[in-house]
file upload-v8.txt (compact mmCIF, C-alpha atoms)
# COMPACT_ATOMS: atom_id res chain seq x y z
CA MET A 1 100.34 18.55 60.83
CA LEU A 2 103.98 19.20 60.08
CA LEU A 3 104.36 15.60 58.88
CA VAL A 4 101.40 16.02 56.52
CA ALA A 5 102.80 19.28 55.14
CA ALA A 6 106.22 17.69 54.67
CA SER A 7 104.61 14.73 52.92
CA LEU A 8 102.68 17.00 50.54
CA ALA A 9 105.80 19.00 49.79
CA ALA A 10 107.68 15.80 49.02
CA CYS A 11 104.89 14.68 46.67
CA ARG A 12 104.97 18.02 44.86
CA SER A 13 108.73 17.90 44.49
CA ALA A 14 108.46 14.37 43.12
CA GLN A 15 106.18 15.54 40.29
CA PRO A 16 108.09 15.63 36.98
CA VAL A 17 108.92 19.16 35.84
CA SER A 18 107.77 19.73 32.28
CA THR A 19 110.77 20.20 29.97
CA PRO A 20 110.96 22.90 27.27
CA ALA A 21 110.48 20.22 24.62
CA GLU A 22 107.32 18.97 26.32
CA GLN A 23 105.93 22.50 26.61
CA LEU A 24 106.65 23.15 22.95
CA GLU A 25 104.92 19.91 21.99
CA LEU A 26 101.86 21.10 23.91
CA ALA A 27 102.06 24.35 21.94
CA ALA A 28 102.28 22.43 18.66
CA SER A 29 99.23 20.37 19.63
CA ALA A 30 97.25 23.51 20.51
CA LEU A 31 98.23 25.11 17.22
CA ARG A 32 97.12 22.08 15.18
CA GLU A 33 93.68 22.53 16.76
CA GLY A 34 93.57 26.26 16.05
CA ARG A 35 94.10 27.36 19.65
CA LEU A 36 96.39 30.22 18.71
CA GLU A 37 96.31 32.11 22.02
CA GLU A 38 97.17 29.00 24.05
CA ALA A 39 100.06 28.10 21.76
CA SER A 40 101.40 31.66 21.90
CA ALA A 41 101.30 31.71 25.71
CA LEU A 42 103.11 28.37 25.98
CA VAL A 43 105.87 29.39 23.57
CA ALA A 44 106.28 32.80 25.22
CA GLY A 45 106.68 31.09 28.59
CA VAL A 46 109.37 28.71 27.35
CA ARG A 47 111.12 31.52 25.51
CA GLN A 48 111.25 33.63 28.69
CA ARG A 49 112.43 30.81 30.97
CA HIS A 50 114.91 29.33 28.47
CA PRO A 51 116.26 32.15 26.29
CA GLU A 52 119.09 29.89 25.09
CA ASP A 53 116.75 27.20 23.72
CA VAL A 54 117.00 26.87 19.92
CA GLN A 55 113.57 25.29 19.43
CA ALA A 56 111.84 27.92 21.58
CA ALA A 57 113.33 30.71 19.46
CA GLN A 58 112.27 28.92 16.28
CA TRP A 59 108.72 28.46 17.57
CA SER A 60 108.60 32.12 18.59
CA SER A 61 109.69 33.07 15.07
CA PHE A 62 107.05 30.81 13.53
CA LEU A 63 104.24 32.26 15.65
CA ALA A 64 105.35 35.80 14.83
CA GLU A 65 105.18 34.95 11.13
CA LEU A 66 101.71 33.44 11.58
CA THR A 67 100.50 36.72 13.08
CA TRP A 68 102.11 38.94 10.40
CA ARG A 69 104.91 40.30 12.61
CA ASP A 70 107.65 39.87 10.01
CA ASP A 71 110.41 41.87 11.69
CA HIS A 72 109.88 40.02 14.99
CA ALA A 73 109.90 36.68 13.17
CA ILE A 74 113.24 37.60 11.60
CA ARG A 75 114.77 38.63 14.95
CA GLU A 76 113.67 35.40 16.62
CA GLN A 77 115.02 33.29 13.74
CA GLN A 78 118.34 35.11 14.06
CA ALA A 79 118.27 34.35 17.80
CA ALA A 80 117.73 30.66 17.03
CA ILE A 81 120.84 30.69 14.82
CA ARG A 82 122.90 32.41 17.54
CA ASN A 83 121.69 29.89 20.12
CA LEU A 84 122.65 27.02 17.84
CA ARG A 85 126.14 28.40 17.37
CA SER A 86 126.54 28.99 21.12
CA ALA A 87 125.67 25.35 21.72
CA GLY A 88 128.41 24.31 19.28
CA ASP A 89 125.88 22.48 17.07
CA GLN A 90 126.12 23.36 13.38
CA SER A 91 124.19 20.36 12.05
CA ALA A 92 120.97 22.33 11.50
CA GLU A 93 122.43 25.77 10.79
CA ALA A 94 121.92 25.58 7.02
CA ALA A 95 118.22 24.85 7.43
CA LEU A 96 117.80 27.67 9.94
CA ARG A 97 119.61 30.14 7.71
CA GLY A 98 117.54 29.08 4.73
CA ARG A 99 114.40 29.75 6.75
CA LEU A 100 115.78 33.17 7.70
CA GLY A 101 116.27 33.93 4.02
CA GLU A 102 112.64 33.03 3.30
CA LEU A 103 111.44 35.36 6.06
CA LEU A 104 113.59 38.21 4.74
CA PHE A 105 112.28 37.64 1.21
CA GLN A 106 108.68 37.60 2.42
CA ALA A 107 109.21 40.85 4.34
CA GLY A 108 110.56 42.57 1.22
CA ARG A 109 114.09 42.84 2.64
CA TRP A 110 115.57 41.51 -0.58
CA GLY A 111 119.04 42.99 -0.12
CA GLU A 112 119.58 40.73 2.91
CA CYS A 113 117.97 37.48 1.79
CA ALA A 114 120.22 36.07 -0.95
CA GLU A 115 123.08 34.89 1.28
CA PRO A 116 120.98 32.95 3.83
CA LEU A 117 118.76 31.55 1.06
CA SER A 118 121.83 30.23 -0.76
CA ALA A 119 123.29 28.87 2.48
CA GLY A 120 120.10 26.91 3.10
CA ALA A 121 119.72 25.60 -0.45
CA ALA A 122 120.99 22.12 0.44
CA ALA A 123 117.66 21.23 2.07
CA THR A 124 114.73 19.51 0.37
CA ASP A 125 113.38 22.85 -0.91
CA GLY A 126 116.78 23.84 -2.29
CA GLU A 127 115.51 24.54 -5.82
CA ARG A 128 113.04 27.09 -4.51
CA ARG A 129 115.60 28.82 -2.29
CA ARG A 130 118.20 29.02 -5.06
CA ALA A 131 115.61 30.50 -7.42
CA PHE A 132 114.46 33.11 -4.91
CA ALA A 133 118.08 34.02 -4.10
CA ALA A 134 118.75 34.60 -7.81
CA VAL A 135 115.61 36.70 -8.33
CA ALA A 136 116.52 38.87 -5.32
CA GLY A 137 119.33 40.26 -7.46
CA TRP A 138 116.72 41.87 -9.74
CA LEU A 139 114.92 43.55 -6.83
CA PRO A 140 115.61 46.65 -4.70
CA SER A 141 117.16 46.26 -1.27
CA VAL A 142 113.85 47.00 0.45
CA ARG A 143 110.27 47.00 -0.81
CA LYS A 144 108.91 50.53 -0.56
CA ALA A 145 105.70 51.76 -2.13
CA SER A 146 105.30 55.37 -3.21
CA GLY A 147 102.58 57.50 -4.72
CA PRO A 148 99.17 58.66 -3.50
CA ILE A 149 97.77 57.69 -0.11
CA VAL A 150 94.65 56.15 -1.65
CA THR A 151 93.85 54.54 -4.98
CA GLU A 152 90.34 53.25 -5.74
CA GLN A 153 89.01 51.12 -8.58
CA ARG A 154 85.35 50.75 -9.48
CA LEU A 155 83.99 47.22 -9.84
CA LEU A 156 81.40 46.21 -12.40
CA PRO A 157 78.43 44.18 -11.07
CA GLY A 158 79.13 40.47 -11.11
CA ASP A 159 82.84 40.85 -11.76
CA ALA A 160 85.54 39.41 -9.57
CA ALA A 161 87.55 42.06 -7.72
CA GLU A 162 90.14 43.49 -10.10
CA PHE A 163 92.64 46.31 -10.12
CA VAL A 164 94.35 47.91 -13.09
CA CYS A 165 98.10 47.45 -12.77
CA GLY A 166 100.96 48.52 -14.95
CA SER A 167 104.47 47.59 -15.96
CA GLY A 168 106.17 50.24 -18.03
CA ASP A 169 103.63 51.49 -20.59
CA ARG A 170 101.47 48.34 -20.32
CA ARG A 171 98.38 48.51 -18.09
CA ARG A 172 96.27 45.41 -17.52
CA PRO A 173 93.55 44.26 -15.08
CA PHE A 174 94.78 41.95 -12.31
CA ALA A 175 92.37 39.93 -10.18
CA ILE A 176 92.68 40.49 -6.43
CA ASP A 177 93.18 37.06 -4.88
CA THR A 178 93.81 36.92 -1.14
CA GLY A 179 93.94 33.11 -1.43
CA THR A 180 97.12 33.24 -3.53
CA SER A 181 100.45 33.49 -1.73
CA MET A 182 102.29 35.64 -4.30
CA THR A 183 101.39 37.82 -7.23
CA THR A 184 101.05 35.32 -10.06
CA LEU A 185 101.05 35.51 -13.85
CA GLY A 186 100.10 33.06 -16.56
CA ARG A 187 103.06 32.06 -18.69
CA SER A 188 101.91 33.95 -21.82
CA PHE A 189 101.22 37.07 -19.72
CA ALA A 190 104.69 36.84 -18.16
CA ASP A 191 106.16 36.74 -21.67
CA GLU A 192 104.14 39.82 -22.65
CA LEU A 193 105.21 41.77 -19.55
CA GLU A 194 108.86 40.69 -20.00
CA VAL A 195 109.34 39.15 -16.59
CA ARG A 196 113.09 38.95 -15.92
CA GLY A 197 115.30 36.29 -14.37
CA ARG A 198 112.74 33.46 -14.54
CA ARG A 199 113.81 30.22 -12.87
CA PRO A 200 112.03 27.01 -11.82
CA ALA A 201 111.06 27.32 -8.14
CA GLY A 202 109.55 24.00 -7.14
CA GLN A 203 105.84 23.92 -6.38
CA ALA A 204 103.14 26.20 -4.96
CA LEU A 205 99.73 25.28 -3.55
CA ASP A 206 96.60 25.61 -5.67
CA SER A 207 93.12 26.39 -4.32
CA ALA A 208 92.62 22.78 -3.19
CA GLY A 209 95.95 22.61 -1.38
CA ARG A 210 97.68 20.60 -4.12
CA GLY A 211 101.08 21.44 -5.52
CA LEU A 212 101.67 22.80 -9.04
CA PRO A 213 105.00 23.62 -10.69
CA VAL A 214 105.99 27.31 -10.72
CA GLU A 215 108.72 29.63 -11.85
CA VAL A 216 109.75 32.82 -10.06
CA GLY A 217 110.90 36.01 -11.75
CA ALA A 218 110.96 39.79 -11.39
CA LEU A 219 108.43 42.20 -12.85
CA LEU A 220 110.08 45.60 -13.20
CA GLN A 221 108.44 49.01 -12.66
CA PHE A 222 105.20 47.56 -11.32
CA GLU A 223 102.31 49.87 -10.42
CA VAL A 224 99.14 48.89 -8.55
CA GLY A 225 96.55 51.48 -9.53
CA ASP A 226 98.38 54.76 -8.88
CA ILE A 227 100.79 53.31 -6.29
CA ALA A 228 104.31 52.77 -7.63
CA ILE A 229 105.64 49.51 -6.18
CA GLY A 230 108.83 49.22 -8.23
CA ALA A 231 110.27 45.83 -9.09
CA VAL A 232 108.39 42.91 -7.52
CA PRO A 233 108.83 39.13 -7.49
CA VAL A 234 106.13 37.12 -9.27
CA LEU A 235 105.26 33.47 -9.66
CA VAL A 236 104.73 32.20 -13.20
CA VAL A 237 102.39 29.26 -13.84
CA ASP A 238 100.80 27.61 -16.84
CA ASP A 239 97.86 29.63 -18.18
CA ALA A 240 95.53 26.70 -17.39
CA ALA A 241 96.48 26.86 -13.71
CA LEU A 242 94.90 30.31 -13.36
CA ARG A 243 91.75 28.98 -15.00
CA LEU A 244 91.53 26.33 -12.27
CA ARG A 245 92.29 28.56 -9.29
CA ASP A 246 88.59 28.74 -8.35
CA LEU A 247 87.23 25.28 -7.52
CA PHE A 248 83.68 26.35 -8.41
CA GLY A 249 84.37 28.01 -11.73
CA GLY A 250 83.55 31.60 -10.88
CA ALA A 251 83.55 34.39 -13.47
CA GLU A 252 83.65 33.54 -17.14
CA ARG A 253 86.60 35.88 -17.72
CA VAL A 254 89.73 34.05 -16.63
CA PRO A 255 92.41 36.38 -15.20
CA ARG A 256 95.85 36.44 -16.73
CA GLY A 257 97.39 37.79 -13.54
CA VAL A 258 96.43 37.95 -9.87
CA LEU A 259 97.59 40.22 -7.07
CA GLY A 260 98.61 37.87 -4.28
CA LEU A 261 98.91 38.15 -0.55
CA ASP A 262 102.56 39.26 -0.68
CA LEU A 263 101.57 42.65 -2.13
CA LEU A 264 98.16 42.87 -0.50
CA ALA A 265 99.79 42.35 2.91
CA ALA A 266 101.89 45.47 2.32
CA VAL A 267 98.85 47.76 1.89
CA ARG A 268 95.39 48.31 3.34
CA LEU A 269 92.80 46.57 1.18
CA THR A 270 89.10 47.49 1.37
CA LEU A 271 86.33 45.77 -0.59
CA ASP A 272 83.16 47.85 -0.43
CA PRO A 273 79.94 46.42 -1.97
CA GLU A 274 78.02 49.67 -1.40
CA ARG A 275 80.53 51.76 -3.35
CA GLN A 276 81.13 48.85 -5.74
CA SER A 277 84.84 49.51 -5.38
CA VAL A 278 88.11 48.11 -4.16
CA THR A 279 90.53 50.50 -2.46
CA LEU A 280 94.23 50.18 -1.77
CA GLU A 281 95.93 52.50 0.72
CA LEU A 282 99.19 52.68 2.58
CA PRO A 283 98.79 50.57 5.77
CA GLN A 284 97.50 52.23 8.92
CA GLY A 285 96.60 49.29 11.18
CA LEU A 286 93.17 48.42 12.62
CA PRO A 287 92.03 48.80 16.26
CA GLU A 288 91.97 45.46 18.09
CA GLY A 289 88.47 46.10 19.43
CA GLN A 290 87.08 46.57 15.90
CA SER A 291 88.92 43.83 14.03
CA VAL A 292 90.10 40.22 14.26
CA GLN A 293 93.59 38.74 14.17
CA CYS A 294 94.26 36.87 10.94
CA VAL A 295 96.70 33.98 10.61
CA ARG A 296 99.06 33.56 7.65
CA VAL A 297 99.56 29.90 6.81
CA ASP A 298 101.42 28.70 3.70
CA GLY A 299 100.85 32.04 2.02
CA ARG A 300 97.11 32.09 2.74
CA CYS A 301 95.19 34.44 5.00
CA LEU A 302 92.96 32.67 7.54
CA VAL A 303 90.30 34.51 9.53
CA PRO A 304 88.39 33.30 12.62
CA VAL A 305 84.77 32.47 11.74
CA PHE A 306 82.29 31.46 14.42
CA VAL A 307 79.90 28.80 13.13
CA GLU A 308 77.18 28.03 15.65
CA GLY A 309 79.45 29.17 18.47
CA VAL A 310 82.51 27.19 17.36
CA ARG A 311 85.57 29.12 16.21
CA LEU A 312 86.80 27.80 12.87
CA TRP A 313 89.57 29.13 10.65
CA PHE A 314 88.57 29.97 7.06
CA VAL A 315 90.78 31.07 4.19
CA LEU A 316 89.88 34.62 3.16
CA ASP A 317 89.76 34.01 -0.58
CA THR A 318 88.60 36.73 -2.95
CA GLY A 319 89.51 34.39 -5.80
CA ALA A 320 86.89 31.79 -4.77
CA SER A 321 83.37 32.30 -6.07
CA HIS A 322 81.78 30.14 -3.34
CA SER A 323 82.42 29.60 0.35
CA SER A 324 82.94 26.04 1.53
CA LEU A 325 83.72 23.83 4.50
CA SER A 326 86.65 21.41 4.70
CA GLU A 327 86.49 17.92 6.16
CA SER A 328 88.29 19.13 9.29
CA GLY A 329 85.83 21.99 9.66
CA LEU A 330 82.89 19.60 9.38
CA ARG A 331 84.31 17.38 12.12
CA ARG A 332 84.65 20.36 14.47
CA LEU A 333 81.00 21.41 14.11
CA PRO A 334 78.44 20.23 16.70
CA GLY A 335 77.08 16.98 15.29
CA GLY A 336 80.04 16.57 12.94
CA ASP A 337 79.51 14.28 9.96
CA ARG A 338 75.83 13.84 10.81
CA ARG A 339 75.21 17.44 9.76
CA ALA A 340 76.21 16.84 6.14
CA VAL A 341 73.69 15.76 3.50
CA PRO A 342 74.45 14.37 0.04
CA ALA A 343 74.76 16.95 -2.71
CA PHE A 344 76.37 17.37 -6.10
CA ARG A 345 78.44 20.38 -7.10
CA ARG A 346 80.47 21.07 -10.20
CA VAL A 347 83.96 21.44 -8.83
CA ARG A 348 86.96 22.07 -11.03
CA THR A 349 90.11 20.08 -10.37
CA VAL A 350 93.38 19.79 -12.26
CA GLY A 351 91.98 16.65 -13.90
CA GLY A 352 88.60 18.28 -14.60
CA GLY A 353 85.27 16.49 -14.33
CA MET A 354 82.50 16.26 -11.74
CA VAL A 355 83.03 15.42 -8.10
CA SER A 356 80.41 14.59 -5.51
CA VAL A 357 80.45 16.57 -2.29
CA ARG A 358 78.26 16.88 0.77
CA GLU A 359 76.88 20.10 2.15
CA VAL A 360 75.76 21.53 5.48
CA ARG A 361 72.67 23.72 5.39
CA ASP A 362 71.11 26.54 7.40
CA LEU A 363 74.28 27.62 9.18
CA VAL A 364 74.82 30.89 11.01
CA LEU A 365 78.29 32.39 10.49
CA ARG A 366 79.84 35.36 12.27
CA CYS A 367 83.14 37.02 11.43
CA SER A 368 84.12 40.27 13.11
CA GLU A 369 81.00 42.47 12.93
CA ALA A 370 79.37 40.62 10.01
CA ARG A 371 76.70 37.93 10.48
CA PHE A 372 75.44 35.58 7.77
CA LEU A 373 72.19 33.63 8.20
CA GLY A 374 70.90 30.51 6.47
CA VAL A 375 74.23 29.69 4.83
CA THR A 376 74.77 26.43 2.94
CA LEU A 377 78.40 25.29 2.79
CA PRO A 378 79.52 22.45 0.50
CA VAL A 379 82.11 20.13 2.03
CA VAL A 380 85.20 20.07 -0.17
CA ALA A 381 88.29 17.95 0.37
CA ARG A 382 91.36 20.13 0.84
CA GLY A 383 94.95 19.51 1.76
CA ALA A 384 95.07 19.34 5.55
CA GLY A 385 97.17 21.97 7.31
CA ALA A 386 100.22 20.36 8.94
CA THR A 387 100.60 22.98 11.66
CA PHE A 388 97.28 24.85 11.64
CA PRO A 389 93.74 23.81 10.68
CA ILE A 390 92.11 24.98 7.45
CA ASP A 391 88.43 24.58 8.23
CA GLY A 392 86.90 26.24 5.19
CA VAL A 393 86.90 29.12 2.72
CA LEU A 394 85.17 32.50 2.75
CA GLY A 395 84.45 33.18 -0.90
CA VAL A 396 82.94 36.01 -2.91
CA ASP A 397 79.37 34.80 -2.32
CA LEU A 398 79.66 35.92 1.33
CA LEU A 399 82.39 38.55 1.02
CA SER A 400 80.26 40.51 -1.47
CA LYS A 401 77.63 40.98 1.26
CA CYS A 402 79.91 42.87 3.64
CA ARG A 403 82.60 45.52 3.71
CA VAL A 404 86.00 43.90 4.19
CA THR A 405 89.19 45.67 5.29
CA LEU A 406 92.52 43.87 5.59
CA ASP A 407 95.45 45.75 7.11
CA ARG A 408 98.68 44.43 8.69
CA GLY A 409 97.29 41.04 9.51
CA ARG A 410 94.01 42.21 10.99
CA ALA A 411 90.61 42.18 9.29
CA ARG A 412 87.31 43.95 9.82
CA PHE A 413 84.04 42.67 8.36
CA SER A 414 80.95 44.84 8.60
CA THR A 415 77.50 44.49 7.07
CA PRO A 416 76.38 47.57 5.10
CA SER A 417 73.78 49.62 6.99
call {"tool": "encode", "arguments": {"input": "upload-v8.txt", "output": "structure tokens"}}
result
Amino acid sequence: MLLVAASLAACRSAQPVSTPAEQLELAASALREGRLEEASALVAGVRQRHPEDVQAAQWSSFLAELTWRDDHAIREQQAAIRNLRSAGDQSAEAALRGRLGELLFQAGRWGECAEPLSAGAAATDGERRRAFAAVAGWLPSVRKASGPIVTEQRLLPGDAAEFVCGSGDRRRPFAIDTGTSMTTLGRSFADELEVRGRRPAGQALDSAGRGLPVEVGALLQFEVGDIAIGAVPVLVVDDAALRLRDLFGGAERVPRGVLGLDLLAAVRLTLDPERQSVTLELPQGLPEGQSVQCVRVDGRCLVPVFVEGVRLWFVLDTGASHSSLSESGLRRLPGGDRRAVPAFRRVRTVGGGMVSVREVRDLVLRCSEARFLGVTLPVVARGAGATFPIDGVLGVDLLSKCRVTLDRGRARFSTPS
């Protein structure tokens, strides 16, 4: 008996111990398949056992950013830089500092972001980092909204969600677009509003996941409804790019400016079809038992949607007139490609014209407390997510049937009673 026990112990000790790098690769694999909780647990375990590991700190920062915990993401990125310096390896420090600058900029901590952004400008996205570092000089040290606790805007039937915003004595309607990473203006509108410090800033993603050239600048004295935001960074694109932001066409009136996720993430947003209104409030948070955790990927808000019992990740996109399914989402459904039938939809692309797509019919979707029956989703080719799946889009056709609240990275969907 003792010999058997000794033999088993020897076998166990001979098993290879998983290294931090191997554990982090497992986390990356889980994340690419949308298994957020598994990836988080793996990274947390490595981070606890190996606090000096640079990659573990970076992964911890990345996961914190995904789940809207900006301050924690910044602290973990700073830890990664300290770990790198302690190891005497400065080869990757510029890239890590550049990433820190991006996190600080995203969190509205503009007084701290210029130096690390400039230090990391030698990387492949150097043009973007240099531009954002320059624009930070036009912005306050910290983003801080002021004004009333609640501001509400009535919506007209059939209109896309809009909010009246102001800059100085100019007040204009802005579309609310949770599928856009930053507040964005058409070039002629940016000229009219006198956007300052404009500089080329590389490319941003359009609604199909393709890149389009952008500038970044500062819009001074910006107000969203009755909430005074102060100076804010904005992206500037060709006027035609805003016309193409909705793959399916959408409303006839093309917006000249859209409120993006950068500002919407700093408030509580509620779309209410019964009141025919959109409300912005100072953030309060949502109870975990009555909401779902969203994921922020490449400036887009993804929500978990259960389609026939399978959890998929859909972009919450108030700028899209129709919901859709991506190729990756189709493959993850029971039956996969066999579920899709030929169909034709008019889909706008940068080149224009008609494209043929397939569609999946009679689906049942559930998100938070809302349930949608008999849904038909066209299958639309999108840029594949490199680190997290983008399985589809929740557009206005479904969002208009439920009350939606987005607050600090959590969302609640409820069907009107």
call {"tool": "closest_residue", "arguments": {"input": "upload-v8.txt", "among": "A:Pro173, A:Gly108, A:Gly289, A:Pro304", "to": "Leu316 of chain A", "atoms": "all atoms listed in the file"}}
result
A:Pro304
call {"tool": "axis_aligned_box", "arguments": {"input": "upload-v8.txt", "around": "segment 55-73 of chain A", "padding_each_side": "5 Å", "output": "JSON"}}
result
{"center_x": 107.0, "center_y": 33.6, "center_z": 15.8, "size_x": 23.1, "size_y": 26.6, "size_z": 21.6}
call {"tool": "closest_residue", "arguments": {"input": "upload-v8.txt", "among": "A:Phe388, A:Ile229, A:Gly111, A:Phe413", "to": "Ala28 of chain A", "atoms": "all atoms listed in the file"}}
result
A:Phe388
call {"tool": "closest_residue", "arguments": {"input": "upload-v8.txt", "among": "A:Phe174, A:Phe306, A:Trp313, A:Trp138", "to": "Leu363 of chain A", "atoms": "only C-alpha atoms"}}
result
A:Phe306
call {"tool": "atom_distance", "arguments": {"input": "upload-v8.txt", "atom1": "atom CA of Pro213 of chain A", "atom2": "atom CA of Val237 of chain A"}}
result
7.0 Å
call {"tool": "closest_residue", "arguments": {"input": "upload-v8.txt", "among": "A:Gly186, A:Gly319, A:Gly329, A:Pro140", "to": "Pro389 of chain A", "atoms": "all atoms listed in the file"}}
result
A:Gly329
